[in-house]
>>> print(open('coords39.cif').read())   # mmCIF, C-alpha atoms and all ligand atoms
data_entry
#
loop_
_atom_site.label_atom_id
_atom_site.label_comp_id
_atom_site.auth_asym_id
_atom_site.auth_seq_id
_atom_site.Cartn_x
_atom_site.Cartn_y
_atom_site.Cartn_z
CA MET A 1 0.00 0.00 0.00
CA ARG A 2 2.17 2.91 -1.21
CA ILE A 3 0.67 6.18 0.04
CA THR A 4 1.66 9.65 -1.08
CA ALA A 5 0.31 12.50 1.03
CA LEU A 6 0.21 16.23 0.28
CA ALA A 7 0.63 18.03 3.57
CA GLY A 8 0.60 21.40 5.30
CA GLY A 9 1.23 21.67 9.03
CA THR A 10 -1.00 21.03 12.02
CA GLY A 11 -3.96 19.17 10.45
CA ALA A 12 -1.67 17.10 8.25
CA ALA A 13 0.53 16.15 11.21
CA LYS A 14 -2.44 14.53 12.96
CA LEU A 15 -3.68 12.55 9.97
CA LEU A 16 -0.14 11.41 9.06
CA ARG A 17 0.37 10.15 12.61
CA GLY A 18 -2.85 8.17 12.20
CA LEU A 19 -1.81 6.75 8.83
CA ALA A 20 1.61 5.76 10.18
CA VAL A 21 -0.12 3.56 12.78
CA LEU A 22 -2.00 1.62 10.07
CA VAL A 23 0.56 1.47 7.25
CA PRO A 24 4.29 0.70 7.51
CA PRO A 25 5.77 4.23 7.76
CA GLU A 26 8.35 3.53 5.05
CA GLN A 27 5.47 3.11 2.58
CA ILE A 28 4.37 6.71 3.17
CA THR A 29 5.81 9.61 1.17
CA VAL A 30 4.90 13.10 2.31
CA ILE A 31 5.04 16.00 -0.13
CA GLY A 32 5.31 19.04 2.10
CA ASN A 33 4.47 22.71 1.73
CA THR A 34 7.32 25.22 1.56
CA GLY A 35 5.17 28.28 0.75
CA ASP A 36 5.37 29.29 4.45
CA ASP A 37 9.19 29.12 4.50
CA THR A 38 10.84 32.25 5.81
CA GLN A 39 14.15 33.74 6.92
CA ILE A 40 14.45 34.80 10.55
CA TRP A 41 17.78 36.00 12.00
CA GLY A 42 19.42 34.73 8.80
CA LEU A 43 18.06 31.22 9.35
CA HIS A 44 15.99 29.24 6.83
CA ILE A 45 12.77 28.15 8.55
CA SER A 46 10.51 25.51 6.93
CA PRO A 47 7.59 25.42 9.38
CA ASP A 48 5.42 22.82 7.66
CA LEU A 49 8.25 20.40 6.87
CA ASP A 50 9.34 20.65 10.51
CA THR A 51 5.81 20.16 11.90
CA VAL A 52 5.36 16.98 9.86
CA THR A 53 8.87 15.73 10.74
CA TYR A 54 8.46 16.41 14.46
CA ALA A 55 4.98 14.82 14.48
CA LEU A 56 6.18 11.61 12.81
CA ALA A 57 9.20 11.54 15.15
CA GLY A 58 6.87 11.79 18.17
CA LEU A 59 8.51 15.07 19.20
CA LEU A 60 5.83 17.63 18.28
CA ASP A 61 4.42 20.02 20.87
CA GLU A 62 0.87 18.80 20.42
CA GLU A 63 -0.71 21.59 22.44
CA LYS A 64 0.72 24.30 20.21
CA GLY A 65 0.61 22.16 17.05
CA TRP A 66 4.14 23.30 16.09
CA GLY A 67 7.63 23.19 17.55
CA LEU A 68 9.25 20.68 19.87
CA ARG A 69 7.60 19.45 23.05
CA ASP A 70 9.02 20.98 26.29
CA ASP A 71 11.15 23.47 24.35
CA THR A 72 12.29 26.71 25.99
CA PHE A 73 12.49 30.20 24.46
CA MET A 74 15.54 31.77 26.07
CA CYS A 75 17.25 32.66 22.80
CA LEU A 76 14.07 34.42 21.64
CA ALA A 77 14.02 36.51 24.82
CA ALA A 78 17.71 37.31 24.46
CA MET A 79 17.22 38.38 20.82
CA ALA A 80 14.29 40.59 21.88
CA ALA A 81 16.57 42.20 24.49
CA LEU A 82 18.99 42.96 21.65
CA GLY A 83 16.17 44.71 19.80
CA GLN A 84 15.86 41.97 17.17
CA GLU A 85 12.50 40.96 15.71
CA ALA A 86 10.90 38.46 18.08
CA TRP A 87 7.38 37.94 16.72
CA PHE A 88 8.25 34.54 15.24
CA ASN A 89 8.46 31.98 18.05
CA LEU A 90 11.62 29.91 17.70
CA GLY A 91 12.30 27.46 20.50
CA ASP A 92 15.84 26.82 21.72
CA ARG A 93 16.02 23.17 20.66
CA ASP A 94 14.05 23.92 17.49
CA LEU A 95 16.83 26.39 16.60
CA ALA A 96 19.20 23.47 16.08
CA THR A 97 17.05 22.30 13.15
CA HIS A 98 17.17 25.76 11.57
CA LEU A 99 20.92 26.19 12.17
CA PHE A 100 21.55 22.76 10.63
CA ARG A 101 19.29 23.48 7.62
CA THR A 102 20.78 26.91 7.00
CA GLU A 103 24.36 25.68 7.19
CA ARG A 104 23.71 22.74 4.85
CA LEU A 105 21.87 24.94 2.34
CA ALA A 106 24.74 27.45 2.42
CA ALA A 107 27.13 24.55 1.76
CA GLY A 108 25.21 23.79 -1.43
CA GLN A 109 22.86 20.97 -0.42
CA SER A 110 19.29 21.05 -1.70
CA LEU A 111 16.28 21.46 0.59
CA SER A 112 15.32 17.83 -0.22
CA GLU A 113 18.72 16.56 0.89
CA VAL A 114 18.58 18.56 4.12
CA THR A 115 14.99 17.49 4.83
CA THR A 116 16.00 13.84 4.39
CA ALA A 117 19.00 14.29 6.70
CA ILE A 118 16.83 15.85 9.41
CA ARG A 119 14.05 13.27 9.31
CA ARG A 120 16.56 10.38 9.27
CA ALA A 121 18.42 11.86 12.25
CA LEU A 122 15.11 12.05 14.13
CA GLY A 123 14.24 8.44 13.27
CA VAL A 124 11.38 9.15 10.84
CA ARG A 125 10.99 6.27 8.39
CA SER A 126 8.47 7.94 6.07
CA ARG A 127 9.95 9.94 3.18
CA ILE A 128 9.40 13.69 3.49
CA LEU A 129 9.94 15.70 0.30
CA PRO A 130 9.54 19.44 -0.16
CA ALA A 131 7.24 20.12 -3.12
CA SER A 132 10.15 21.94 -4.75
CA ASP A 133 13.79 22.66 -3.97
CA ALA A 134 13.30 26.15 -5.45
CA PRO A 135 11.63 28.87 -3.37
CA VAL A 136 7.85 29.18 -3.74
CA ALA A 137 6.71 31.94 -1.38
CA THR A 138 3.09 32.49 -0.45
CA ARG A 139 2.29 36.22 -0.54
CA VAL A 140 -0.89 37.75 0.82
CA LEU A 141 -2.32 40.98 -0.63
CA THR A 142 -3.85 43.24 2.03
CA PRO A 143 -5.29 46.78 1.65
CA THR A 144 -1.84 48.15 2.59
CA GLY A 145 0.14 45.91 0.21
CA TRP A 146 1.71 42.46 -0.09
CA LEU A 147 2.86 40.55 3.02
CA GLY A 148 4.96 37.42 3.31
CA PHE A 149 2.90 34.54 4.71
CA GLN A 150 4.49 34.61 8.17
CA GLU A 151 4.11 38.42 8.37
CA PHE A 152 0.40 37.89 7.69
CA PHE A 153 -0.09 34.78 9.83
CA VAL A 154 2.19 35.28 12.84
CA ARG A 155 2.99 39.01 12.99
CA GLU A 156 -0.49 40.26 12.01
CA LYS A 157 -2.20 37.16 13.54
CA ALA A 158 -4.20 36.83 10.27
CA GLN A 159 -6.36 39.75 11.44
CA VAL A 160 -5.99 41.90 8.30
CA GLU A 161 -8.29 41.88 5.27
CA VAL A 162 -7.11 39.59 2.45
CA LEU A 163 -7.64 40.62 -1.19
CA ASP A 164 -5.55 37.99 -2.97
CA VAL A 165 -2.94 35.26 -2.50
CA ALA A 166 0.00 34.55 -4.84
CA TYR A 167 2.83 32.01 -4.97
CA ALA A 168 6.02 33.92 -5.85
CA GLY A 169 8.55 31.84 -7.74
CA ALA A 170 6.16 29.00 -8.56
CA ASP A 171 6.41 29.63 -12.32
CA GLN A 172 10.15 29.00 -12.29
CA ALA A 173 10.04 26.13 -9.77
CA SER A 174 10.08 22.47 -10.65
CA PRO A 175 9.03 19.54 -8.46
CA ALA A 176 11.73 18.24 -6.12
CA PRO A 177 13.35 14.90 -7.05
CA GLY A 178 10.92 12.04 -6.41
CA VAL A 179 7.76 14.18 -6.15
CA LEU A 180 6.18 13.37 -9.53
CA GLU A 181 7.26 9.74 -9.26
CA ALA A 182 5.69 9.49 -5.79
CA ILE A 183 2.37 10.70 -7.20
CA ARG A 184 2.64 8.51 -10.29
CA THR A 185 3.55 5.28 -8.50
CA ALA A 186 1.35 5.63 -5.40
CA VAL A 187 -1.57 3.28 -4.85
CA VAL A 188 -3.43 6.09 -3.13
CA VAL A 189 -2.85 9.82 -2.80
CA VAL A 190 -4.16 11.58 0.33
CA ILE A 191 -4.59 15.34 0.47
CA CYS A 192 -4.36 16.04 4.20
CA PRO A 193 -6.77 18.41 5.98
CA SER A 194 -4.57 21.42 5.41
CA ASN A 195 -5.21 25.00 4.42
CA PRO A 196 -6.27 24.64 0.75
CA ILE A 197 -4.93 28.07 -0.24
CA THR A 198 -1.68 28.44 1.70
CA SER A 199 -0.65 24.83 2.41
CA ILE A 200 -1.91 22.75 -0.54
CA GLY A 201 -2.07 25.76 -2.93
CA PRO A 202 1.71 26.33 -3.04
CA ILE A 203 2.28 22.61 -3.73
CA LEU A 204 -0.26 22.65 -6.59
CA ALA A 205 1.33 25.84 -7.96
CA VAL A 206 4.57 23.99 -8.78
CA PRO A 207 4.30 23.19 -12.49
CA GLY A 208 3.65 19.49 -13.10
CA ILE A 209 2.18 18.53 -9.72
CA ALA A 210 -1.50 19.15 -10.49
CA GLU A 211 -0.97 17.47 -13.87
CA ALA A 212 0.54 14.43 -12.13
CA LEU A 213 -2.48 14.25 -9.80
CA ALA A 214 -4.79 14.29 -12.82
CA ALA A 215 -2.75 11.64 -14.63
CA THR A 216 -1.98 9.18 -11.82
CA SER A 217 -3.75 5.85 -11.70
CA ALA A 218 -3.82 6.18 -7.89
CA ARG A 219 -7.13 7.09 -6.31
CA VAL A 220 -6.95 10.59 -4.87
CA LEU A 221 -8.74 11.36 -1.59
CA ALA A 222 -8.86 14.64 0.33
CA VAL A 223 -10.00 15.30 3.89
CA SER A 224 -11.85 18.61 4.22
CA PRO A 225 -10.20 21.02 6.67
CA ILE A 226 -13.47 22.97 6.70
CA VAL A 227 -16.01 21.64 9.18
CA GLY A 228 -19.42 23.22 9.69
CA GLY A 229 -18.63 26.28 7.56
CA ALA A 230 -15.33 27.19 9.23
CA PRO A 231 -11.78 25.86 9.41
CA VAL A 232 -10.94 23.79 12.49
CA SER A 233 -8.08 26.26 13.05
CA GLY A 234 -6.21 28.95 11.15
CA PRO A 235 -7.14 31.40 8.41
CA ALA A 236 -8.28 28.97 5.67
CA GLY A 237 -11.81 30.46 5.62
CA LYS A 238 -10.66 34.02 5.03
CA LEU A 239 -8.22 32.88 2.33
CA MET A 240 -10.77 30.68 0.53
CA ALA A 241 -13.23 33.59 0.52
CA ALA A 242 -10.50 35.84 -0.96
CA LYS A 243 -10.15 33.30 -3.78
CA GLY A 244 -13.92 33.37 -4.41
CA LEU A 245 -14.58 29.91 -2.96
CA PRO A 246 -17.42 28.98 -0.60
CA VAL A 247 -16.03 28.34 2.91
CA SER A 248 -17.25 24.75 3.12
CA ALA A 249 -16.39 21.22 2.08
CA VAL A 250 -18.01 22.13 -1.26
CA GLY A 251 -15.45 24.94 -1.68
CA VAL A 252 -12.68 22.39 -1.08
CA ALA A 253 -14.30 20.04 -3.62
CA LYS A 254 -14.49 22.83 -6.21
CA LEU A 255 -10.81 23.69 -5.80
CA TYR A 256 -9.62 20.05 -6.04
CA ARG A 257 -12.21 18.97 -8.60
CA PRO A 258 -9.86 18.64 -11.64
CA TRP A 259 -8.20 15.58 -10.09
CA LEU A 260 -10.05 14.55 -6.91
CA ASP A 261 -11.84 11.17 -6.61
CA LEU A 262 -13.07 11.15 -2.99
CA LEU A 263 -13.69 13.86 -0.39
CA VAL A 264 -13.99 13.05 3.31
CA LEU A 265 -16.38 15.47 4.98
CA ASP A 266 -17.46 15.70 8.57
CA ARG A 267 -20.77 14.26 9.79
CA ARG A 268 -21.77 17.83 10.57
CA ASP A 269 -21.59 18.55 6.83
CA GLU A 270 -23.51 15.47 5.67
CA ARG A 271 -26.13 17.66 3.94
CA LEU A 272 -23.38 18.84 1.53
CA ALA A 273 -22.76 15.30 0.24
CA PRO A 274 -25.16 15.62 -2.75
CA GLU A 275 -23.37 18.81 -3.88
CA VAL A 276 -20.03 16.99 -3.71
CA THR A 277 -21.49 14.11 -5.74
CA ALA A 278 -22.80 16.60 -8.30
CA LEU A 279 -19.19 17.78 -8.81
CA GLY A 280 -18.25 14.21 -9.79
CA ILE A 281 -16.52 13.47 -6.47
CA THR A 282 -17.47 10.61 -4.12
CA PRO A 283 -18.33 11.96 -0.65
CA VAL A 284 -17.23 9.98 2.41
CA VAL A 285 -19.02 11.11 5.57
CA THR A 286 -17.36 10.40 8.91
CA GLY A 287 -16.06 12.10 12.06
CA THR A 288 -13.09 14.24 11.03
CA MET A 289 -12.20 16.05 14.26
CA MET A 290 -8.85 14.60 15.35
CA THR A 291 -9.10 15.49 19.02
CA ASP A 292 -6.92 12.60 20.24
CA ARG A 293 -4.75 9.75 18.94
CA GLY A 294 -7.75 7.44 18.66
CA ALA A 295 -9.56 9.96 16.44
CA GLU A 296 -6.47 10.35 14.24
CA VAL A 297 -6.30 6.61 13.63
CA ALA A 298 -10.08 6.33 13.15
CA LEU A 299 -10.05 9.03 10.45
CA ALA A 300 -7.03 7.46 8.74
CA ARG A 301 -8.81 4.08 8.82
CA ALA A 302 -12.03 5.53 7.38
CA ALA A 303 -10.02 7.14 4.56
CA LEU A 304 -8.15 3.92 3.72
CA GLU A 305 -11.36 1.88 3.82
CA ALA A 306 -13.12 4.32 1.48
CA LEU A 307 -10.14 4.16 -0.89
CA ALA A 308 -10.28 0.36 -0.90
CA ARG A 309 -14.02 0.21 -1.71
P1 LIG B 1 -2.90 26.96 8.64
O1 LIG B 1 -2.84 26.70 10.13
O2 LIG B 1 -4.21 27.44 8.14
O3 LIG B 1 -1.72 27.73 8.11
O4 LIG B 1 -2.81 25.58 7.89
P2 LIG B 1 -2.27 24.11 8.05
O5 LIG B 1 -2.43 23.56 6.71
O6 LIG B 1 -0.95 24.03 8.69
O7 LIG B 1 -3.25 23.35 9.05
C1 LIG B 1 -4.42 23.82 9.51
C2 LIG B 1 -5.58 23.26 8.70
O8 LIG B 1 -5.90 21.99 9.19
C3 LIG B 1 -6.77 24.16 8.90
O9 LIG B 1 -7.38 24.47 7.68
C4 LIG B 1 -7.68 23.31 9.81
O10 LIG B 1 -9.03 23.54 9.53
C5 LIG B 1 -7.27 21.89 9.51
N1 LIG B 1 -7.39 21.01 10.66
C6 LIG B 1 -6.69 21.07 11.82
N2 LIG B 1 -7.08 20.08 12.65
C7 LIG B 1 -8.07 19.38 12.01
C8 LIG B 1 -8.88 18.26 12.37
O11 LIG B 1 -8.77 17.68 13.45
N3 LIG B 1 -9.80 17.84 11.43
C9 LIG B 1 -9.96 18.47 10.23
N4 LIG B 1 -10.89 18.01 9.39
N5 LIG B 1 -9.20 19.54 9.86
C10 LIG B 1 -8.27 19.98 10.75
#
>>> encode(input="coords39.cif", output="structure tokens")
Amino acid sequence: MRITALAGGTGAAKLLRGLAVLVPPEQITVIGNTGDDTQIWGLHISPDLDTVTYALAGLLDEEKGWGLRDDTFMCLAAMAALGQEAWFNLGDRDLATHLFRTERLAAGQSLSEVTTAIRRALGVRSRILPASDAPVATRVLTPTGWLGFQEFFVREKAQVEVLDVAYAGADQASPAPGVLEAIRTAVVVVICPSNPITSIGPILAVPGIAEALAATSARVLAVSPIVGGAPVSGPAGKLMAAKGLPVSAVGVAKLYRPWLDLLVLDRRDERLAPEVTALGITPVVTGTMMTDRGAEVALARAALEALAR
């Protein structure tokens, strides 16, 4: 059962943990979002790749949904005392990941190579690939101009009006080694419950990836991150609205329609199932709130069973 998963951060981390309980982890390939990547204090931060890596390593701070469990923030406080920007929370142990990544990139390694080195060092057996080794930066247009994703999400706490979203560099980017092959040779492809605009969007913006999803013989299933007309967390609703999509599982279905076979929607959204069917996508109705480990595994199992039917 070779599984390829497209993943953002927090929602993806939970579903991937569930899948890794049911399927041998080495049979899972994760294609991760790098649209949120940023430079802080000269360091290359890849928040979504790190969230997925830490989750599969069993090291994630599950309360926050990012960073390492039991981390401390003394360096952050010391940088603030030096008058440096301190709105992006970097934990002390987490900093080692960013120092390692930045040094290896400066030495000429690709982001894929560094990501593999980090996940291997942390004992993660699933493959984790960035969608592209080239920069693809999510930019958010607000009434006062364009912001980088982290400026919008962390500094402004996603509280500003959003007029548009763009993926800078996507045109010139190509899929990282192994990405297209992982989609082509998978038995199933799972689109994790991740922000459709700023987590899955930057992956789909890399030329060739959406085409590979349309061409693969694998069945493609997505889990809706929108439950009951709102995202479970984060700014997905605001961003979907800015892109002219309904903030619902139907909006997710419309965005993924060119290549999606099945959409898992929450029981709360059962009444939307006929609209999903009308788009040519098979709805799968189940509980999708991953509030504990049992719920993560149950959702992963429901997805795999639907894919096998
Ligand atoms: P961001 O936080 O919006 O930048 O996006 P991420 O892609 O990192 O992850 C958050 C997404 O996961 C949001 O769109 C959430 O609605 C979704 N999500 C988080 N937890 C769950 C869950 O337990 N169930 C479902 N269905 N979606 C979830």
>>> closest_atom_pairs(input="coords39.cif", of="chain A", to="ligand LIG 1 (chain B)", cutoff="8 Å", atoms="only C-alpha atoms and all ligand atoms", output="Markdown table")
| residue | atom | partner | partner_atom | distance |
| --- | --- | --- | --- | --- |
| A:Ala7 | CA | B:LIG1 | O5 | 7.1 |
| A:Gly8 | CA | B:LIG1 | O5 | 4.0 |
| A:Gly9 | CA | B:LIG1 | O6 | 3.2 |
| A:Thr10 | CA | B:LIG1 | O7 | 4.4 |
| A:Gly11 | CA | B:LIG1 | C6 | 3.6 |
| A:Ala12 | CA | B:LIG1 | O7 | 6.5 |
| A:Lys14 | CA | B:LIG1 | O11 | 7.1 |
| A:Asp48 | CA | B:LIG1 | O6 | 6.6 |
| A:Phe153 | CA | B:LIG1 | O3 | 7.4 |
| A:Cys192 | CA | B:LIG1 | O8 | 7.9 |
| A:Pro193 | CA | B:LIG1 | N5 | 4.7 |
| A:Ser194 | CA | B:LIG1 | O5 | 3.3 |
| A:Asn195 | CA | B:LIG1 | O5 | 3.9 |
| A:Pro196 | CA | B:LIG1 | O9 | 7.0 |
| A:Thr198 | CA | B:LIG1 | O3 | 6.4 |
| A:Ser199 | CA | B:LIG1 | O5 | 4.8 |
| A:Ile200 | CA | B:LIG1 | O5 | 7.3 |
| A:Val223 | CA | B:LIG1 | N4 | 6.2 |
| A:Ser224 | CA | B:LIG1 | N4 | 5.3 |
| A:Pro225 | CA | B:LIG1 | N5 | 3.7 |
| A:Ile226 | CA | B:LIG1 | O10 | 5.3 |
| A:Val227 | CA | B:LIG1 | N4 | 6.3 |
| A:Ala230 | CA | B:LIG1 | O10 | 7.3 |
| A:Pro231 | CA | B:LIG1 | O10 | 3.6 |
| A:Val232 | CA | B:LIG1 | O10 | 3.5 |
| A:Ser233 | CA | B:LIG1 | C4 | 4.4 |
| A:Gly234 | CA | B:LIG1 | O2 | 3.9 |
| A:Pro235 | CA | B:LIG1 | O2 | 4.9 |
| A:Ala236 | CA | B:LIG1 | O2 | 5.0 |
| A:Gly237 | CA | B:LIG1 | O9 | 7.7 |
| A:Leu265 | CA | B:LIG1 | N4 | 7.5 |
| A:Asp266 | CA | B:LIG1 | N4 | 7.0 |
| A:Thr288 | CA | B:LIG1 | N4 | 4.7 |
| A:Met289 | CA | B:LIG1 | O11 | 3.9 |
| A:Met290 | CA | B:LIG1 | O11 | 3.6 |
| A:Thr291 | CA | B:LIG1 | O11 | 6.0 |
| A:Glu296 | CA | B:LIG1 | O11 | 7.7 |
>>> residues_around(input="coords39.cif", residues="stretch 120-132 of chain A", least_positions_apart="4", cutoff="7 Å", atoms="all atoms listed in the file", output="MDAnalysis selection string")
chainID A and resid 25:34 56:57 112 115:116 173:176 179 203
>>> write_last_selection(input="coords39.cif", atoms="C-alpha atoms", output="PDB file, in the frame of the given file")
ATOM      1  CA  PRO A  25       5.770   4.230   7.760  1.00  0.00           C
ATOM      2  CA  GLU A  26       8.350   3.530   5.050  1.00  0.00           C
ATOM      3  CA  GLN A  27       5.470   3.110   2.580  1.00  0.00           C
ATOM      4  CA  ILE A  28       4.370   6.710   3.170  1.00  0.00           C
ATOM      5  CA  THR A  29       5.810   9.610   1.170  1.00  0.00           C
ATOM      6  CA  VAL A  30       4.900  13.100   2.310  1.00  0.00           C
ATOM      7  CA  ILE A  31       5.040  16.000  -0.130  1.00  0.00           C
ATOM      8  CA  GLY A  32       5.310  19.040   2.100  1.00  0.00           C
ATOM      9  CA  ASN A  33       4.470  22.710   1.730  1.00  0.00           C
ATOM     10  CA  THR A  34       7.320  25.220   1.560  1.00  0.00           C
ATOM     11  CA  LEU A  56       6.180  11.610  12.810  1.00  0.00           C
ATOM     12  CA  ALA A  57       9.200  11.540  15.150  1.00  0.00           C
ATOM     13  CA  SER A 112      15.320  17.830  -0.220  1.00  0.00           C
ATOM     14  CA  THR A 115      14.990  17.490   4.830  1.00  0.00           C
ATOM     15  CA  THR A 116      16.000  13.840   4.390  1.00  0.00           C
ATOM     16  CA  ALA A 173      10.040  26.130  -9.770  1.00  0.00           C
ATOM     17  CA  SER A 174      10.080  22.470 -10.650  1.00  0.00           C
ATOM     18  CA  PRO A 175       9.030  19.540  -8.460  1.00  0.00           C
ATOM     19  CA  ALA A 176      11.730  18.240  -6.120  1.00  0.00           C
ATOM     20  CA  VAL A 179       7.760  14.180  -6.150  1.00  0.00           C
ATOM     21  CA  ILE A 203       2.280  22.610  -3.730  1.00  0.00           C
TER      22      ILE A 203
END
>>> residues_around(input="coords39.cif", residues="A:Ala214", least_positions_apart="2", cutoff="12 Å", atoms="only C-alpha atoms", output="VMD selection string")
chain A and resid 180 183 to 184 189 204 208 to 212 216 to 220 256 to 261
>>> write_last_selection(input="coords39.cif", atoms="C-alpha atoms", output="PDB file, keeping the file's coordinate frame")
ATOM      1  CA  LEU A 180       6.180  13.370  -9.530  1.00  0.00           C
ATOM      2  CA  ILE A 183       2.370  10.700  -7.200  1.00  0.00           C
ATOM      3  CA  ARG A 184       2.640   8.510 -10.290  1.00  0.00           C
ATOM      4  CA  VAL A 189      -2.850   9.820  -2.800  1.00  0.00           C
ATOM      5  CA  LEU A 204      -0.260  22.650  -6.590  1.00  0.00           C
ATOM      6  CA  GLY A 208       3.650  19.490 -13.100  1.00  0.00           C
ATOM      7  CA  ILE A 209       2.180  18.530  -9.720  1.00  0.00           C
ATOM      8  CA  ALA A 210      -1.500  19.150 -10.490  1.00  0.00           C
ATOM      9  CA  GLU A 211      -0.970  17.470 -13.870  1.00  0.00           C
ATOM     10  CA  ALA A 212       0.540  14.430 -12.130  1.00  0.00           C
ATOM     11  CA  THR A 216      -1.980   9.180 -11.820  1.00  0.00           C
ATOM     12  CA  SER A 217      -3.750   5.850 -11.700  1.00  0.00           C
ATOM     13  CA  ALA A 218      -3.820   6.180  -7.890  1.00  0.00           C
ATOM     14  CA  ARG A 219      -7.130   7.090  -6.310  1.00  0.00           C
ATOM     15  CA  VAL A 220      -6.950  10.590  -4.870  1.00  0.00           C
ATOM     16  CA  TYR A 256      -9.620  20.050  -6.040  1.00  0.00           C
ATOM     17  CA  ARG A 257     -12.210  18.970  -8.600  1.00  0.00           C
ATOM     18  CA  PRO A 258      -9.860  18.640 -11.640  1.00  0.00           C
ATOM     19  CA  TRP A 259      -8.200  15.580 -10.090  1.00  0.00           C
ATOM     20  CA  LEU A 260     -10.050  14.550  -6.910  1.00  0.00           C
ATOM     21  CA  ASP A 261     -11.840  11.170  -6.610  1.00  0.00           C
TER      22      ASP A 261
END
>>> closest_residue(input="coords39.cif", among="A:Met1, A:Ala300, A:Ile45, A:Leu82", to="A:Thr102", atoms="all atoms listed in the file")
A:Ile45
>>> closest_residue(input="coords39.cif", among="A:Glu270, A:Asp71, A:Asp133, A:Glu113", to="A:Val250", atoms="all atoms listed in the file")
A:Glu270
>>> atom_distance(input="coords39.cif", atom1="atom CA of A:Gly228", atom2="atom CA of A:Gly287")
11.9 Å
>>> atom_distance(input="coords39.cif", atom1="atom CA of A:Val188", atom2="atom CA of A:Tyr54")
23.6 Å
>>> residues_near_point(input="coords39.cif", point="(15.3, 29.4, 7.9)", cutoff="10 Å", atoms="all atoms listed in the file", output="list in words")
Asp37, Thr38, Gln39, Ile40, Trp41, Gly42, Leu43, His44, Ile45, Ser46, Pro47, Leu95, Thr97, His98, Leu99, Phe100, Arg101, Thr102, Glu103 and Leu105 of chain A
>>> write_last_selection(input="coords39.cif", atoms="C-alpha atoms", output="mmCIF file, in the coordinates of the input")
data_model
loop_
_atom_site.group_PDB
_atom_site.id
_atom_site.type_symbol
_atom_site.label_atom_id
_atom_site.label_comp_id
_atom_site.auth_asym_id
_atom_site.auth_seq_id
_atom_site.Cartn_x
_atom_site.Cartn_y
_atom_site.Cartn_z
ATOM 1 C CA ASP A 37 9.190 29.120 4.500
ATOM 2 C CA THR A 38 10.840 32.250 5.810
ATOM 3 C CA GLN A 39 14.150 33.740 6.920
ATOM 4 C CA ILE A 40 14.450 34.800 10.550
ATOM 5 C CA TRP A 41 17.780 36.000 12.000
ATOM 6 C CA GLY A 42 19.420 34.730 8.800
ATOM 7 C CA LEU A 43 18.060 31.220 9.350
ATOM 8 C CA HIS A 44 15.990 29.240 6.830
ATOM 9 C CA ILE A 45 12.770 28.150 8.550
ATOM 10 C CA SER A 46 10.510 25.510 6.930
ATOM 11 C CA PRO A 47 7.590 25.420 9.380
ATOM 12 C CA LEU A 95 16.830 26.390 16.600
ATOM 13 C CA THR A 97 17.050 22.300 13.150
ATOM 14 C CA HIS A 98 17.170 25.760 11.570
ATOM 15 C CA LEU A 99 20.920 26.190 12.170
ATOM 16 C CA PHE A 100 21.550 22.760 10.630
ATOM 17 C CA ARG A 101 19.290 23.480 7.620
ATOM 18 C CA THR A 102 20.780 26.910 7.000
ATOM 19 C CA GLU A 103 24.360 25.680 7.190
ATOM 20 C CA LEU A 105 21.870 24.940 2.340
#
>>> atom_distance(input="coords39.cif", atom1="atom CA of A:Thr51", atom2="atom CA of A:Ala13")
6.7 Å
>>> axis_aligned_box(input="coords39.cif", around="stretch 169-187 of chain A", padding_each_side="3 Å", output="JSON")
{"center_x": 5.9, "center_y": 17.6, "center_z": -8.6, "size_x": 20.9, "size_y": 34.6, "size_z": 13.5}
>>> closest_residue(input="coords39.cif", among="A:Lys243, A:Phe88, A:Arg119, A:Glu181", to="A:Asp164", atoms="only C-alpha atoms")
A:Lys243
>>> residues_around(input="coords39.cif", residues="A:Arg293", least_positions_apart="4", cutoff="9 Å", atoms="all atoms listed in the file", output="VMD selection string")
chain A and resid 14 17 to 18 297 to 298
>>> closest_residue(input="coords39.cif", among="A:Ala55, A:Gly145, A:Lys157, A:Gly178", to="A:Leu16", atoms="only C-alpha atoms")
A:Ala55
>>> residues_around(input="coords39.cif", residues="A:Leu76", least_positions_apart="4", cutoff="10 Å", atoms="only C-alpha atoms", output="ChimeraX atom specification")
/A:72,80-82,84-92,95
>>> closest_residue(input="coords39.cif", among="A:Ala5, A:Pro143, A:Arg155, A:Asp94", to="A:Met74", atoms="all atoms listed in the file")
A:Asp94
>>> closest_residue(input="coords39.cif", among="A:Ile191, A:Val165, A:Leu255, A:Ala186", to="A:Ala222", atoms="all atoms listed in the file")
A:Ile191
>>> residues_around(input="coords39.cif", residues="A:Val284", least_positions_apart="6", cutoff="7 Å", atoms="all atoms listed in the file", output="ChimeraX atom specification")
/A:262-265
